[in-house]
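Shown below: work.csv, with CSV, C-alpha atoms and all ligand atoms.
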```csv
chain,number,residue,atom,x,y,z
A,438,MET,CA,0.0,0.0,0.0
A,439,SER,CA,1.2,3.5,-0.7
A,440,SER,CA,1.5,5.9,2.2
A,441,THR,CA,0.5,8.8,-0.1
A,442,VAL,CA,-3.0,10.0,0.4
A,443,ALA,CA,-5.0,9.8,-2.8
A,444,ALA,CA,-6.3,13.0,-4.3
A,445,THR,CA,-10.1,13.5,-4.0
A,446,HIS,CA,-10.6,17.0,-5.5
A,447,ALA,CA,-8.2,17.9,-8.2
A,448,VAL,CA,-7.8,20.6,-10.9
A,449,ILE,CA,-6.1,19.7,-14.2
A,450,PHE,CA,-4.4,22.5,-16.1
A,451,GLY,CA,-2.8,22.3,-19.5
A,452,ARG,CA,-2.9,24.0,-22.9
A,453,PRO,CA,-5.6,22.9,-25.5
A,454,GLY,CA,-4.3,19.6,-27.0
A,455,CYS,CA,-2.2,18.6,-24.0
A,456,GLY,CA,-4.3,15.5,-23.5
A,457,LYS,CA,-6.0,16.5,-20.2
A,458,SER,CA,-9.5,15.6,-21.3
A,459,SER,CA,-8.7,12.0,-22.2
A,460,LEU,CA,-6.6,11.8,-19.0
A,461,ALA,CA,-9.5,13.1,-16.9
A,462,GLU,CA,-11.9,10.6,-18.6
A,463,ARG,CA,-9.6,7.7,-17.8
A,464,LEU,CA,-9.2,8.8,-14.2
A,465,GLY,CA,-12.9,9.1,-13.9
A,466,ALA,CA,-13.5,5.6,-15.3
A,467,ASP,CA,-10.7,3.9,-13.3
A,468,TYR,CA,-11.0,5.8,-10.0
A,469,GLY,CA,-14.5,7.2,-9.8
A,470,TYR,CA,-13.8,10.9,-10.2
A,471,SER,CA,-16.8,12.9,-11.4
A,472,LEU,CA,-15.6,15.2,-14.1
A,473,VAL,CA,-16.4,18.9,-14.1
A,474,ARG,CA,-15.5,20.2,-17.5
A,475,THR,CA,-16.4,23.8,-18.4
A,476,GLY,CA,-15.8,23.2,-22.1
A,477,GLU,CA,-18.3,20.4,-22.1
A,478,LEU,CA,-20.8,22.3,-20.0
A,479,LEU,CA,-20.5,25.2,-22.6
A,480,ARG,CA,-20.9,22.8,-25.6
A,481,ALA,CA,-23.9,21.2,-23.9
A,482,ALA,CA,-25.5,24.7,-23.5
A,483,VAL,CA,-24.9,25.4,-27.2
A,484,ARG,CA,-26.4,22.0,-28.2
A,485,ARG,CA,-29.5,22.8,-26.1
A,486,GLY,CA,-29.7,26.2,-27.8
A,487,ASP,CA,-30.7,27.9,-24.5
A,488,ASP,CA,-30.1,31.6,-23.8
A,489,LEU,CA,-26.6,30.9,-22.3
A,490,GLY,CA,-25.7,28.6,-25.2
A,491,ARG,CA,-26.7,31.3,-27.8
A,492,ARG,CA,-24.5,33.8,-25.9
A,493,VAL,CA,-21.4,31.6,-26.0
A,494,GLU,CA,-21.7,29.9,-29.4
A,495,GLY,CA,-19.8,32.5,-31.4
A,496,LEU,CA,-17.0,32.7,-28.7
A,497,LEU,CA,-16.5,29.0,-28.8
A,498,LYS,CA,-16.4,28.9,-32.6
A,499,SER,CA,-13.7,31.5,-32.7
A,500,GLY,CA,-11.6,30.0,-29.9
A,501,ASN,CA,-12.2,32.8,-27.5
A,502,LEU,CA,-13.2,32.5,-23.8
A,503,ALA,CA,-16.7,32.7,-22.3
A,504,PRO,CA,-17.2,35.5,-19.8
A,505,ASP,CA,-16.1,34.7,-16.2
A,506,GLU,CA,-19.6,35.4,-14.7
A,507,LEU,CA,-21.2,32.9,-17.1
A,508,ILE,CA,-18.6,30.2,-16.2
A,509,PHE,CA,-19.4,30.7,-12.5
A,510,GLU,CA,-23.1,30.5,-13.2
A,511,LEU,CA,-22.6,27.2,-15.0
A,512,LEU,CA,-20.4,25.7,-12.3
A,513,ASP,CA,-22.6,26.9,-9.5
A,514,GLY,CA,-25.5,25.1,-11.2
A,515,ARG,CA,-23.4,22.0,-11.9
A,516,LEU,CA,-22.3,21.7,-8.2
A,517,LYS,CA,-25.6,22.6,-6.6
A,518,ASN,CA,-26.8,19.6,-4.5
A,519,HIS,CA,-23.9,17.5,-5.7
A,520,HIS,CA,-23.1,14.5,-3.6
A,521,GLU,CA,-20.0,13.3,-5.5
A,522,GLU,CA,-17.1,12.3,-3.3
A,523,LYS,CA,-14.4,12.9,-5.9
A,524,LEU,CA,-14.3,15.8,-8.3
A,525,LEU,CA,-11.9,16.5,-11.2
A,526,PHE,CA,-12.0,20.0,-12.7
A,527,ASP,CA,-11.0,20.2,-16.3
A,528,GLY,CA,-10.7,23.6,-18.0
A,529,PHE,CA,-11.3,25.8,-15.0
A,530,PRO,CA,-9.9,28.2,-13.7
A,531,ARG,CA,-8.8,29.6,-17.0
A,532,THR,CA,-8.4,33.3,-16.2
A,533,MET,CA,-7.2,35.1,-13.2
A,534,GLY,CA,-10.8,36.3,-12.7
A,535,GLN,CA,-11.8,32.6,-12.2
A,536,VAL,CA,-9.3,32.0,-9.5
A,537,PRO,CA,-11.4,33.5,-6.7
A,538,GLN,CA,-14.4,31.8,-8.2
A,539,LEU,CA,-12.9,28.5,-7.5
A,540,LYS,CA,-12.4,29.5,-3.8
A,541,GLN,CA,-16.1,30.6,-3.7
A,542,LEU,CA,-17.3,27.3,-5.2
A,543,GLU,CA,-15.2,25.4,-2.6
A,544,ASN,CA,-16.8,27.3,0.2
A,545,HIS,CA,-20.4,27.2,-1.2
A,546,HIS,CA,-20.3,23.6,-2.2
A,547,HIS,CA,-18.2,22.2,0.7
A,548,PHE,CA,-15.1,20.7,-1.0
A,549,THR,CA,-11.4,21.5,-0.9
A,550,ILE,CA,-9.0,21.1,-3.8
A,551,ASP,CA,-6.1,18.9,-2.7
A,552,THR,CA,-4.2,18.7,-6.0
A,553,TYR,CA,-3.4,21.2,-8.8
A,554,LEU,CA,-2.0,19.3,-11.7
A,555,ASP,CA,-0.3,20.9,-14.7
A,556,VAL,CA,0.0,18.7,-17.8
A,557,SER,CA,2.9,20.3,-19.6
A,558,VAL,CA,3.2,20.1,-23.4
A,559,SER,CA,4.9,22.4,-26.0
A,560,HIS,CA,2.8,24.5,-28.4
A,561,ASP,CA,3.9,22.4,-31.4
A,562,ALA,CA,3.1,19.0,-29.8
A,563,ALA,CA,-0.3,20.3,-28.7
A,564,VAL,CA,-1.2,21.6,-32.2
A,565,ALA,CA,-0.1,18.3,-33.8
A,566,ARG,CA,-2.4,16.4,-31.5
A,567,MET,CA,-5.4,18.6,-31.9
A,568,THR,CA,-5.7,18.0,-35.6
A,569,GLY,CA,-6.5,14.3,-35.0
A,570,ARG,CA,-9.0,14.8,-32.2
A,571,ARG,CA,-12.6,13.6,-32.5
A,572,ILE,CA,-15.5,13.9,-30.1
A,573,CYS,CA,-18.8,12.2,-29.5
A,574,PRO,CA,-21.6,14.9,-30.0
A,575,SER,CA,-23.9,13.0,-27.6
A,576,CYS,CA,-21.8,12.0,-24.6
A,577,GLY,CA,-18.8,14.2,-25.0
A,578,ALA,CA,-16.2,11.4,-25.0
A,579,THR,CA,-13.0,12.3,-26.7
A,580,TYR,CA,-10.9,10.2,-29.1
A,581,HIS,CA,-7.8,10.6,-31.3
A,582,LEU,CA,-7.3,9.1,-34.7
A,583,LEU,CA,-3.8,7.9,-33.7
A,584,ALA,CA,-3.5,7.9,-30.0
A,585,LYS,CA,-6.9,6.8,-28.9
A,586,PRO,CA,-9.0,5.5,-31.8
A,587,PRO,CA,-12.5,4.2,-31.2
A,588,VAL,CA,-13.1,0.4,-31.7
A,589,SER,CA,-15.1,1.0,-34.9
A,590,THR,CA,-13.9,3.8,-37.1
A,591,GLY,CA,-15.9,7.0,-36.6
A,592,ILE,CA,-18.3,5.6,-34.0
A,593,CYS,CA,-18.4,6.3,-30.2
A,594,ASP,CA,-17.5,3.2,-28.1
A,595,ILE,CA,-19.9,4.3,-25.4
A,596,ASP,CA,-23.1,5.2,-27.2
A,597,GLY,CA,-22.6,4.4,-30.9
A,598,ALA,CA,-23.0,8.0,-32.0
A,599,LYS,CA,-21.1,9.2,-35.1
A,600,LEU,CA,-17.9,11.0,-34.0
A,601,GLU,CA,-17.3,14.6,-35.2
A,602,GLN,CA,-14.4,17.0,-35.3
A,603,ARG,CA,-15.0,19.9,-33.0
A,604,ARG,CA,-15.7,23.0,-34.9
A,605,ASP,CA,-13.0,24.8,-32.8
A,606,ASP,CA,-10.4,22.2,-34.0
A,607,SER,CA,-9.8,24.0,-37.3
A,608,PRO,CA,-6.2,25.1,-37.9
A,609,ALA,CA,-6.9,28.9,-37.4
A,610,VAL,CA,-9.0,28.3,-34.3
A,611,ILE,CA,-6.5,25.9,-32.9
A,612,GLU,CA,-3.8,28.7,-33.1
A,613,GLN,CA,-6.2,31.2,-31.6
A,614,ARG,CA,-6.9,28.8,-28.6
A,615,GLN,CA,-3.1,28.4,-28.1
A,616,ARG,CA,-2.7,32.2,-28.1
A,617,VAL,CA,-5.5,32.6,-25.6
A,618,TYR,CA,-4.0,29.9,-23.4
A,619,GLU,CA,-0.6,31.5,-23.5
A,620,GLN,CA,-2.1,34.9,-22.5
A,621,HIS,CA,-3.8,33.6,-19.4
A,622,ALA,CA,-2.0,30.5,-18.1
A,623,GLY,CA,1.3,31.9,-16.8
A,624,PRO,CA,-0.1,34.0,-13.9
A,625,ILE,CA,-2.7,31.2,-13.0
A,626,LEU,CA,0.0,28.5,-12.7
A,627,ALA,CA,2.4,30.9,-10.9
A,628,HIS,CA,-0.4,31.7,-8.4
A,629,TYR,CA,-1.2,28.1,-7.5
A,630,GLN,CA,2.5,27.1,-7.5
A,631,THR,CA,3.3,29.9,-5.0
A,632,THR,CA,0.2,29.6,-2.9
A,633,TYR,CA,0.1,25.8,-2.6
A,634,PRO,CA,3.6,24.6,-3.4
A,635,THR,CA,3.0,21.2,-1.9
A,636,LEU,CA,-0.3,20.6,-3.8
A,637,PHE,CA,1.0,21.8,-7.1
A,638,LYS,CA,2.4,19.1,-9.4
A,639,ILE,CA,3.7,19.0,-13.0
A,640,VAL,CA,3.4,16.0,-15.3
A,641,ASN,CA,5.3,15.7,-18.5
A,642,GLY,CA,2.6,15.5,-21.1
A,643,GLU,CA,5.0,14.8,-24.0
A,644,GLN,CA,5.4,11.1,-23.0
A,645,SER,CA,3.3,8.3,-24.4
A,646,VAL,CA,-0.3,8.2,-23.3
A,647,HIS,CA,0.5,5.3,-21.1
A,648,ASP,CA,3.4,7.0,-19.4
A,649,VAL,CA,1.5,10.3,-18.9
A,650,TYR,CA,-1.2,8.2,-17.1
A,651,LEU,CA,1.4,6.4,-14.9
A,652,GLU,CA,3.0,9.6,-13.9
A,653,THR,CA,-0.4,11.3,-13.2
A,654,LYS,CA,-1.5,8.4,-11.1
A,655,GLN,CA,1.7,8.6,-9.1
A,656,VAL,CA,1.3,12.4,-8.4
A,657,LEU,CA,-2.3,11.9,-7.5
A,658,GLY,CA,-1.3,9.2,-5.1
A,659,LEU,CA,-3.3,6.5,-7.0
A,660,SER,CA,-0.5,4.3,-8.2
A,661,PHE,CA,-1.1,1.5,-5.7
A,662,SER,CA,-4.9,1.8,-5.2
A,663,LEU,CA,-6.0,-0.3,-8.2
B,701,LIG,P1,-9.6,22.9,-24.8
B,701,LIG,O1,-9.0,23.0,-23.4
B,701,LIG,O2,-9.0,21.9,-25.6
B,701,LIG,O3,-9.6,24.3,-25.5
B,701,LIG,P2,-12.2,22.8,-23.6
B,701,LIG,O4,-13.3,21.8,-24.0
B,701,LIG,O5,-11.7,22.8,-22.3
B,701,LIG,O6,-11.1,22.5,-24.7
B,701,LIG,O7,-12.8,24.3,-24.0
B,701,LIG,C1,-13.4,24.6,-25.2
B,701,LIG,C2,-13.7,26.1,-25.3
B,701,LIG,O8,-14.7,26.4,-24.2
B,701,LIG,C3,-12.6,27.0,-25.0
B,701,LIG,O9,-11.8,27.3,-26.2
B,701,LIG,C4,-13.3,28.3,-24.5
B,701,LIG,O10,-13.9,29.0,-25.6
B,701,LIG,C5,-14.4,27.7,-23.7
B,701,LIG,N1,-14.1,27.5,-22.2
B,701,LIG,C6,-13.8,26.3,-21.6
B,701,LIG,N2,-13.6,26.5,-20.3
B,701,LIG,C7,-13.6,27.8,-20.1
B,701,LIG,C8,-13.4,28.7,-19.0
B,701,LIG,N3,-13.1,28.2,-17.8
B,701,LIG,N4,-13.6,30.0,-19.1
B,701,LIG,C9,-13.9,30.5,-20.3
B,701,LIG,N5,-14.1,29.8,-21.4
B,701,LIG,C10,-14.0,28.5,-21.4
```

Can the structure from this file be put into structure tokens for me?
Ligand code: ADP
Amino acid sequence: MSSTVAATHAVIFGRPGCGKSSLAERLGADYGYSLVRTGELLRAAVRRGDDLGRRVEGLLKSGNLAPDELIFELLDGRLKNHHEEKLLFDGFPRTMGQVPQLKQLENHHHFTIDTYLDVSVSHDAAVARMTGRRICPSCGATYHLLAKPPVSTGICDIDGAKLEQRRDDSPAVIEQRQRVYEQHAGPILAHYQTTYPTLFKIVNGEQSVHDVYLETKQVLGLSFSL
């Protein structure tokens, strides 16, 4: 048995294309984390075509960020009455304005983040990965043509829906998302690294999918619990 205490409430950071969404999905499936993914919450709102979805549709298509207040509204709704024991945040906080929002959510919804994990990947490696990415429009599961293909080509393993390329995975939008990430990420990572030096961990995201997963499990204290 490991003496490390396993993470129960973690945030995963990383540039678009670093692989954090697939990593989060696998951690969810293997260790029972409930995923809280702002990108997916936003895309679901767009699919529903509700007021909030209509407000963010254009922003998402162009690779720009949704307003902080709206992100808070979505997350506050998502976490209301939640009874999940293990949460994994993917895609939040993404601006310095969202940093205090996380604290507020921790207080309102009674949980404490115990791990801040940065999946580190270069700009070029991330761009190369994003071009092969595919997503299930109905359940949000993510695939990659090379790194994580579905069992049947073009079909979601989970619900059989036809896989799509995300509209924001076009070359120009991919570059814009990288630019937006580079504008915001530095101060956010520096903040958590300075404020919580023992809770802040970096994983090398440029290894094979298998090795990234092994290193992640190790830093989350999960390596011996399966
Ligand atoms: P990626 O990390 O690969 O860009 P996501 O699914 O996390 O993919 O996000 C998709 C899009 O949703 C982002 O480009 C942005 O427009 C929007 N988005 C996601 N999370 C946030 C957030 N916390 N704040 C503002 N916008 C967000």

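Every protein or nucleic acid residue with an atom no more than 8 Å from Ala482 (chain A), counting all atoms listed in the file and leaving out same-chain residues fewer than 6 positions away, appears here: Leu489, Gly490 and Arg491 of chain A.
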
Keeping only C-alpha atoms, write the selected residues to a file as a PDB file, in the coordinates of the input.
```pdb
ATOM      1  CA  LEU A 489     -26.600  30.900 -22.300  1.00  0.00           C
ATOM      2  CA  GLY A 490     -25.700  28.600 -25.200  1.00  0.00           C
ATOM      3  CA  ARG A 491     -26.700  31.300 -27.800  1.00  0.00           C
TER       4      ARG A 491
END
```

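Rounded to one decimal, CA of Asp605 (chain A) and CA of Val646 (chain A) lie 23.0 Å from each other.
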
Show me which residues are within 8 Å of ligand LIG 701 (chain B) counting all atoms listed in the file, and format the list as a PyMOL selection string. chain A and resi 451-455+457-458+474-477+479-480+493+496-505+508+527-532+535+567+605+614

What's around Gly597 (chain A) at 12 Å? Count only C-alpha atoms, leave out sequence neighbours fewer than 3 positions away in its own chain, and write the answer as a list of chain:residue names.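 My reading of the contact set: A:Ile572, A:Cys573, A:Pro574, A:Ser575, A:Cys576, A:Ala578, A:Pro587, A:Val588, A:Ser589, A:Thr590, A:Gly591, A:Ile592, A:Cys593, A:Asp594, A:Leu600.
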
Go through A:Asp467, A:Glu619, A:Asp648, A:Asp513 and flag the residue nearest Lys540 (chain A), using only C-alpha atoms for the distances.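 Checking each candidate against Lys540 (chain A), we get A:Asp513 as the closest.
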
Please write as a VMD selection string the list of polymer residues whose atoms come within 7 Å of (-13.5, 18.8, -31.9), counting only C-alpha atoms and keeping to the coordinates of the file. chain A and resid 570 to 572 601 to 606

Let me make sure I understand: among A:Thr568, A:Thr445, A:Ser607, A:Gln541, which one has the smallest atom-to-atom distance to Leu525 (chain A) if we use all atoms listed in the file?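 Of A:Thr568, A:Thr445, A:Ser607, A:Gln541, the one nearest Leu525 (chain A), counting all atoms listed in the file, is A:Thr445.
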
Can you report as lines of an AutoDock Vina configuration file the centre and edge lengths in Å, to one decimal, of an axis-aligned box around the listed atoms of region 638-651 of chain A padded with 3 Å on each side?
```
center_x = 2.1
center_y = 12.2
center_z = -16.9
size_x = 12.6
size_y = 19.8
size_z = 21.0
```

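Across the structure, CA of Leu657 (chain A) and CA of His628 (chain A) are spaced 19.9 Å apart.
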
Using all atoms listed in the file, what residues lie at most 12 Å away from (-21.3, 18.3, -3.6) (file coordinates), given as a list in words?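 Here is the list of nearby residues: His446, Ser471, Val473, Leu512, Asp513, Gly514, Arg515, Leu516, Lys517, Asn518, His519, His520, Glu521, Glu522, Lys523, Leu524, Leu542, Glu543, Asn544, His545, His546, His547, Phe548 and Thr549 of chain A.
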
Can you measure CA of Asp551 (chain A) to CA of Glu643 (chain A) for me? One decimal in Å is fine. 24.4 Å

Would you list the contacts of region 556-559 of chain A as a PyMOL selection string, taking every protein, DNA or RNA residue within 12 Å and counting all atoms listed in the file, but skipping same-chain residues closer than 4 positions in sequence? chain A and resi 448-461+527-528+563-566+615+618-619+622+626+637-646+649-650+652-653+656

Saved selection, atoms kept: C-alpha atoms, as a tab-separated table (two decimals), keeping the file's coordinate frame:
```tsv
chain	number	residue	atom	x	y	z
A	448	VAL	CA	-7.80	20.60	-10.90
A	449	ILE	CA	-6.10	19.70	-14.20
A	450	PHE	CA	-4.40	22.50	-16.10
A	451	GLY	CA	-2.80	22.30	-19.50
A	452	ARG	CA	-2.90	24.00	-22.90
A	453	PRO	CA	-5.60	22.90	-25.50
A	454	GLY	CA	-4.30	19.60	-27.00
A	455	CYS	CA	-2.20	18.60	-24.00
A	456	GLY	CA	-4.30	15.50	-23.50
A	457	LYS	CA	-6.00	16.50	-20.20
A	458	SER	CA	-9.50	15.60	-21.30
A	459	SER	CA	-8.70	12.00	-22.20
A	460	LEU	CA	-6.60	11.80	-19.00
A	461	ALA	CA	-9.50	13.10	-16.90
A	527	ASP	CA	-11.00	20.20	-16.30
A	528	GLY	CA	-10.70	23.60	-18.00
A	563	ALA	CA	-0.30	20.30	-28.70
A	564	VAL	CA	-1.20	21.60	-32.20
A	565	ALA	CA	-0.10	18.30	-33.80
A	566	ARG	CA	-2.40	16.40	-31.50
A	615	GLN	CA	-3.10	28.40	-28.10
A	618	TYR	CA	-4.00	29.90	-23.40
A	619	GLU	CA	-0.60	31.50	-23.50
A	622	ALA	CA	-2.00	30.50	-18.10
A	626	LEU	CA	0.00	28.50	-12.70
A	637	PHE	CA	1.00	21.80	-7.10
A	638	LYS	CA	2.40	19.10	-9.40
A	639	ILE	CA	3.70	19.00	-13.00
A	640	VAL	CA	3.40	16.00	-15.30
A	641	ASN	CA	5.30	15.70	-18.50
A	642	GLY	CA	2.60	15.50	-21.10
A	643	GLU	CA	5.00	14.80	-24.00
A	644	GLN	CA	5.40	11.10	-23.00
A	645	SER	CA	3.30	8.30	-24.40
A	646	VAL	CA	-0.30	8.20	-23.30
A	649	VAL	CA	1.50	10.30	-18.90
A	650	TYR	CA	-1.20	8.20	-17.10
A	652	GLU	CA	3.00	9.60	-13.90
A	653	THR	CA	-0.40	11.30	-13.20
A	656	VAL	CA	1.30	12.40	-8.40
```

Judged by all atoms listed in the file, the minimum distance to Leu539 (chain A) among A:Glu494, A:Ile595, A:Tyr629, A:Asp561 is found for A:Tyr629
